[in-house]
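Peer 1: Here you go, one structure.
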Amino acid sequence: MVSALEVKSIKDSNETLISLDDYIRNTLPSQLHEILLEEFQNQDFSRGQDVSNSTHDQMIDHTLELTSDLLRNALDKQLMEVQSRTLPVRQSNQLISWSFAQGLIIGQLSVVIFLIFFVKFFIFTDASSKMDNPLPSKVSKSYLKNRRESSSIKDKRKGVLVKEESGETDLHGSLQLNDILEKTYYNVDTHSAESLDWFNVLLAQMIQQFREEAWHKDNILTSLDSFIQKRSSDLPDYLDKITITELDIGEDFPIFSNCRIQYAPNSSDKKLEAKIDIDLNDKITFGMSTRLLLNYPKKCTAALPIDLAVSMVRFQACLTVSLITAEELEFTTGNKIDDNEKNGYYLVFSFTPEYKIDFDIKSLIGARSKLENIPKISNIIEYNIKKWFAERCVEPRFQSVKLPGMWPRSKNTREEVIHKTEDESSKTPHS
């Protein structure tokens, strides 16, 4: 084979400058022929003897074969060098293309799996027929002082424990309570429960008057709109403006029944409370519409319309009502309390944890392909409403209302005005 140095010496020995094409066509074959002859002369004598005895045609054929072998080896060497340089690039390109395709496939599969689980467990899951009532999770904002359970109290002026005064106070309260029960001919142990029909009639008149004023003056709609506008800043950014679409305050009235007076628990028979059963069969509906801004933070580019209508169709509970003094009620909130609220009497009411509220919740999601009445959404809304109710007025939580002064005052005195008809006014004699 011809080395690189020999080829270079051949090129340097050429005194005339010729083009590359002429060199390949004319000069290169003659030079290869000379090189081959030199190679044959340098071989062994036996090989040289065979070549000299061979004919000229055989020598040419042998030369062509040897030339083709040399060219083939040179081309193979060049191809191997080119392949050794281009193979890592091809492998890296294949690796990049395969990693991109692999990531695309994995991403699509993850989205499909997420959609399958979402549709199966969120949309088509049947709502549970019975849901437990949630319990309050935070510390109560106010509570009753149970001073009667302790045997001593602390005198704030002197800073000493006065046991005798505490015992005298408890004894005086017990005697006063027994005196009230005796003079009202009420026996806590044997007295039968009352129906409260008279109270239902008075309460129904009040509710009816409230409904008439609400519908004629649009007080409820105005109050709700102003409330939503004030709280709109507290809404998350992915929710659009809330619009009221339906409002129904009902047409039936609650029924109070089975009222009984009994001693309050953990009071050592020194405090009374009333237990009243409440039953309301009505349909109170609140409907609203909004949009879920999916393409956050670019608003309004992709929005999902949502329509909700929540109706309360049944409410059953046991109401506990008691009358306490301001000293027995201790506030634990950080809000400032007026001095007037620290005196007087308070009406305290709460509901037992065995209450029952039935809802009829309708939901509609989407613009064209709409999802209607998704059970999971109904469960979430029902749970949050019950949680809101439990954290405010379900035992041990309670609501307190300060009672106004009952002593007659001149500023509160009123007189009914009787309007006479035309017939009565004509019959009235004139002086």
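Identifiers in the structure tokens: chain A, B, ... in order shown; residue index from 1 per chain; ligand index from 1 in order shown.
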Please identify all polymer residues within 9 Å of range 342-358 of chain A, counting only C-alpha atoms, omitting same-chain residues fewer than 2 positions from it, and present them as a CSV table (one decimal) with N, CA and C atoms, in the first residue's frame.

Peer 2:
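Printed below is result_27.csv as written:
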chain,number,residue,atom,x,y,z
A,133,ASN,N,-73.4,14.5,60.6
A,133,ASN,CA,-73.3,16.0,60.8
A,133,ASN,C,-71.9,16.3,61.3
A,134,PRO,N,-71.3,17.4,60.7
A,134,PRO,CA,-70.0,17.8,61.2
A,134,PRO,C,-70.0,18.4,62.6
A,135,LEU,N,-69.0,18.3,63.3
A,135,LEU,CA,-68.9,18.8,64.6
A,135,LEU,C,-68.1,20.1,64.6
A,311,SER,N,-81.5,24.2,47.8
A,311,SER,CA,-82.8,24.3,48.4
A,311,SER,C,-82.8,23.4,49.7
A,312,MET,N,-83.3,24.0,50.7
A,312,MET,CA,-83.5,23.3,52.0
A,312,MET,C,-85.0,22.9,52.0
A,313,VAL,N,-85.2,21.6,52.1
A,313,VAL,CA,-86.6,21.1,52.0
A,313,VAL,C,-87.0,20.5,53.3
A,314,ARG,N,-86.1,20.3,54.3
A,314,ARG,CA,-86.6,19.7,55.6
A,314,ARG,C,-85.6,20.1,56.7
A,315,PHE,N,-86.1,20.5,57.8
A,315,PHE,CA,-85.3,20.8,59.0
A,315,PHE,C,-85.9,20.3,60.2
A,316,GLN,N,-85.2,19.4,60.9
A,316,GLN,CA,-85.7,18.8,62.2
A,316,GLN,C,-84.6,19.0,63.2
A,317,ALA,N,-85.0,19.4,64.4
A,317,ALA,CA,-84.0,19.6,65.4
A,317,ALA,C,-84.7,19.8,66.8
A,318,CYS,N,-83.8,19.7,67.8
A,318,CYS,CA,-84.3,19.9,69.2
A,318,CYS,C,-83.6,21.2,69.7
A,319,LEU,N,-84.4,22.2,70.0
A,319,LEU,CA,-83.9,23.5,70.4
A,319,LEU,C,-83.9,23.6,72.0
A,320,THR,N,-82.7,24.1,72.5
A,320,THR,CA,-82.5,24.3,73.9
A,320,THR,C,-82.5,25.8,74.2
A,321,VAL,N,-83.4,26.2,75.1
A,321,VAL,CA,-83.5,27.6,75.4
A,321,VAL,C,-83.4,27.8,76.9
A,322,SER,N,-82.6,28.8,77.3
A,322,SER,CA,-82.5,29.1,78.7
A,322,SER,C,-82.3,30.6,78.9
A,323,LEU,N,-82.5,31.0,80.1
A,323,LEU,CA,-82.4,32.4,80.5
A,323,LEU,C,-81.3,32.5,81.6
A,324,ILE,N,-80.3,33.4,81.3
A,324,ILE,CA,-79.2,33.5,82.2
A,324,ILE,C,-78.9,35.0,82.4
A,325,THR,N,-78.2,35.3,83.4
A,325,THR,CA,-77.7,36.7,83.7
A,325,THR,C,-76.4,37.0,83.0
A,326,ALA,N,-76.1,38.2,82.9
A,326,ALA,CA,-74.8,38.6,82.2
A,326,ALA,C,-73.6,38.1,83.0
A,327,GLU,N,-73.8,37.9,84.3
A,327,GLU,CA,-72.6,37.4,85.1
A,327,GLU,C,-72.3,36.0,84.7
A,329,LEU,N,-72.6,34.7,81.8
A,329,LEU,CA,-72.1,34.6,80.4
A,329,LEU,C,-70.8,35.4,80.3
A,337,ILE,N,-66.7,45.0,74.3
A,337,ILE,CA,-68.1,44.8,74.8
A,337,ILE,C,-68.5,46.0,75.5
A,338,ASP,N,-69.7,46.5,75.2
A,338,ASP,CA,-70.3,47.7,75.8
A,338,ASP,C,-70.6,47.4,77.3
A,339,ASP,N,-70.6,48.4,78.1
A,339,ASP,CA,-70.9,48.3,79.5
A,339,ASP,C,-72.4,47.8,79.6
A,340,ASN,N,-73.3,48.2,78.7
A,340,ASN,CA,-74.7,47.8,78.8
A,340,ASN,C,-74.9,46.3,78.6
A,360,ASP,N,-81.8,19.8,48.6
A,360,ASP,CA,-82.0,19.5,47.1
A,360,ASP,C,-81.1,20.4,46.3
A,382,GLU,N,-73.3,20.5,50.7
A,382,GLU,CA,-74.1,20.1,51.9
A,382,GLU,C,-73.2,20.1,53.2
A,386,LYS,N,-73.6,22.5,56.6
A,386,LYS,CA,-73.8,21.9,57.9
A,386,LYS,C,-72.7,22.3,58.8
A,390,ALA,N,-73.1,24.2,62.3
A,390,ALA,CA,-72.6,23.5,63.6
A,390,ALA,C,-71.6,24.4,64.3
A,392,ARG,N,-71.8,27.5,64.8
A,392,ARG,CA,-72.4,28.7,65.3
A,392,ARG,C,-73.5,28.4,66.4
A,393,CYS,N,-74.3,27.4,66.2
A,393,CYS,CA,-75.4,27.2,67.1
A,393,CYS,C,-75.7,25.7,67.4
A,394,VAL,N,-74.7,24.9,67.3
A,394,VAL,CA,-74.9,23.5,67.7
A,394,VAL,C,-74.1,23.2,69.0
A,395,GLU,N,-74.7,22.6,70.0
A,395,GLU,CA,-74.0,22.3,71.2
A,395,GLU,C,-72.6,21.7,71.0
A,396,PRO,N,-71.6,22.2,71.7
A,396,PRO,CA,-71.6,23.1,72.8
A,396,PRO,C,-71.6,24.6,72.4
A,397,ARG,N,-71.7,24.9,71.2
A,397,ARG,CA,-71.9,26.3,70.7
A,397,ARG,C,-73.3,26.8,71.0
A,398,PHE,N,-73.5,28.1,71.2
A,398,PHE,CA,-74.8,28.7,71.4
A,398,PHE,C,-74.8,30.1,70.9
A,399,GLN,N,-76.0,30.6,70.8
A,399,GLN,CA,-76.2,32.0,70.4
A,399,GLN,C,-76.9,32.7,71.6
A,400,SER,N,-76.5,33.9,71.9
A,400,SER,CA,-77.0,34.7,73.0
A,400,SER,C,-77.6,36.0,72.5
A,401,VAL,N,-78.8,36.3,73.0
A,401,VAL,CA,-79.5,37.5,72.6
A,401,VAL,C,-79.9,38.3,73.9
A,402,LYS,N,-79.4,39.5,73.9
A,402,LYS,CA,-79.7,40.3,75.1
A,402,LYS,C,-81.2,40.8,75.1
A,403,LEU,N,-81.8,40.6,76.2
A,403,LEU,CA,-83.2,40.9,76.3
A,403,LEU,C,-83.4,42.4,76.7
A,404,PRO,N,-84.3,43.1,76.1
A,404,PRO,CA,-84.5,44.5,76.4
A,404,PRO,C,-85.2,44.6,77.8
A,405,GLY,N,-85.1,45.8,78.3
A,405,GLY,CA,-85.7,46.1,79.6
A,405,GLY,C,-87.3,46.0,79.5

Peer 1: As a PyMOL selection string, please: every residue in range 236-420 of chain A that a backbone DSSP assignment puts in strand (DSSP E).

Peer 2: chain A and resi 243-248+255-263+272-293+303-325+329-331+345-351+356-365+371-372+399-402

Peer 1: Measuring atom to atom with only C-alpha atoms, identify which of A:Glu251, A:Ser257, A:Tyr186, A:Thr222 is nearest to Trp198 in chain A.

Peer 2: A:Ser257

Peer 1: Within 7 Å of Thr285 in chain A, counting only C-alpha atoms, which residues qualify if same-chain residues fewer than 4 places away don't, as a VMD selection string?

Peer 2: chain A and resid 247 to 249 309 to 312

Peer 1: Those same residues - N, CA and C atoms - I'd like them written as an mmCIF file, in the first residue's frame.

Peer 2:
data_model
loop_
_atom_site.group_PDB
_atom_site.id
_atom_site.type_symbol
_atom_site.label_atom_id
_atom_site.label_comp_id
_atom_site.auth_asym_id
_atom_site.auth_seq_id
_atom_site.Cartn_x
_atom_site.Cartn_y
_atom_site.Cartn_z
ATOM 1 N N LEU A 247 -84.250 33.032 44.037
ATOM 2 C CA LEU A 247 -84.402 33.254 45.472
ATOM 3 C C LEU A 247 -85.843 32.962 45.864
ATOM 4 N N ASP A 248 -86.017 32.059 46.805
ATOM 5 C CA ASP A 248 -87.338 31.674 47.291
ATOM 6 C C ASP A 248 -87.249 31.508 48.801
ATOM 7 N N ILE A 249 -87.988 32.334 49.551
ATOM 8 C CA ILE A 249 -87.940 32.281 51.010
ATOM 9 C C ILE A 249 -89.041 31.407 51.590
ATOM 10 N N ALA A 309 -78.086 25.746 42.438
ATOM 11 C CA ALA A 309 -79.343 26.064 43.108
ATOM 12 C C ALA A 309 -79.457 25.156 44.325
ATOM 13 N N VAL A 310 -79.394 25.765 45.515
ATOM 14 C CA VAL A 310 -79.422 25.017 46.775
ATOM 15 C C VAL A 310 -80.771 25.260 47.440
ATOM 16 N N SER A 311 -81.483 24.170 47.752
ATOM 17 C CA SER A 311 -82.805 24.253 48.376
ATOM 18 C C SER A 311 -82.806 23.430 49.660
ATOM 19 N N MET A 312 -83.274 24.040 50.743
ATOM 20 C CA MET A 312 -83.486 23.309 51.987
ATOM 21 C C MET A 312 -84.953 22.884 52.046
#

Peer 1: What's the separation between CA of Phe100 in chain A and CA of Ile116 in chain A, in Å to one decimal place?

Peer 2: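 Result for CA of Phe100 in chain A versus CA of Ile116 in chain A: 24.4 Å, one decimal.
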
Peer 1: Do you have the CA of Glu328 in chain A-CA of Ala274 in chain A distance handy?

Peer 2: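 Calculated distance between CA of Glu328 in chain A and CA of Ala274 in chain A is 17.6 Å.
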
Peer 1: State, in Å with one decimal place, the distance from CA of Ile306 in chain A to CA of Tyr238 in chain A.

Peer 2: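 Separation of CA of Ile306 in chain A and CA of Tyr238 in chain A: 12.5 Å.
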
Peer 1: Using only C-alpha atoms, determine which residues lie at most 8 Å from Ser195 in chain A, disregarding the query and same-chain residues fewer than 6 positions distant; provide the list as a list of chain:residue names.

Peer 2: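 That gives A:Phe256, A:Ser257, A:Asn258, A:Cys259.
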
Peer 1: Within 12 Å of Leu181 in chain A, counting only C-alpha atoms, which residues qualify if same-chain residues fewer than 5 places away don't, as JSON, numbers by chain?

Peer 2: {"A": [174, 175, 176, 186, 187, 188, 189, 191, 261, 262, 263, 270, 271, 272]}
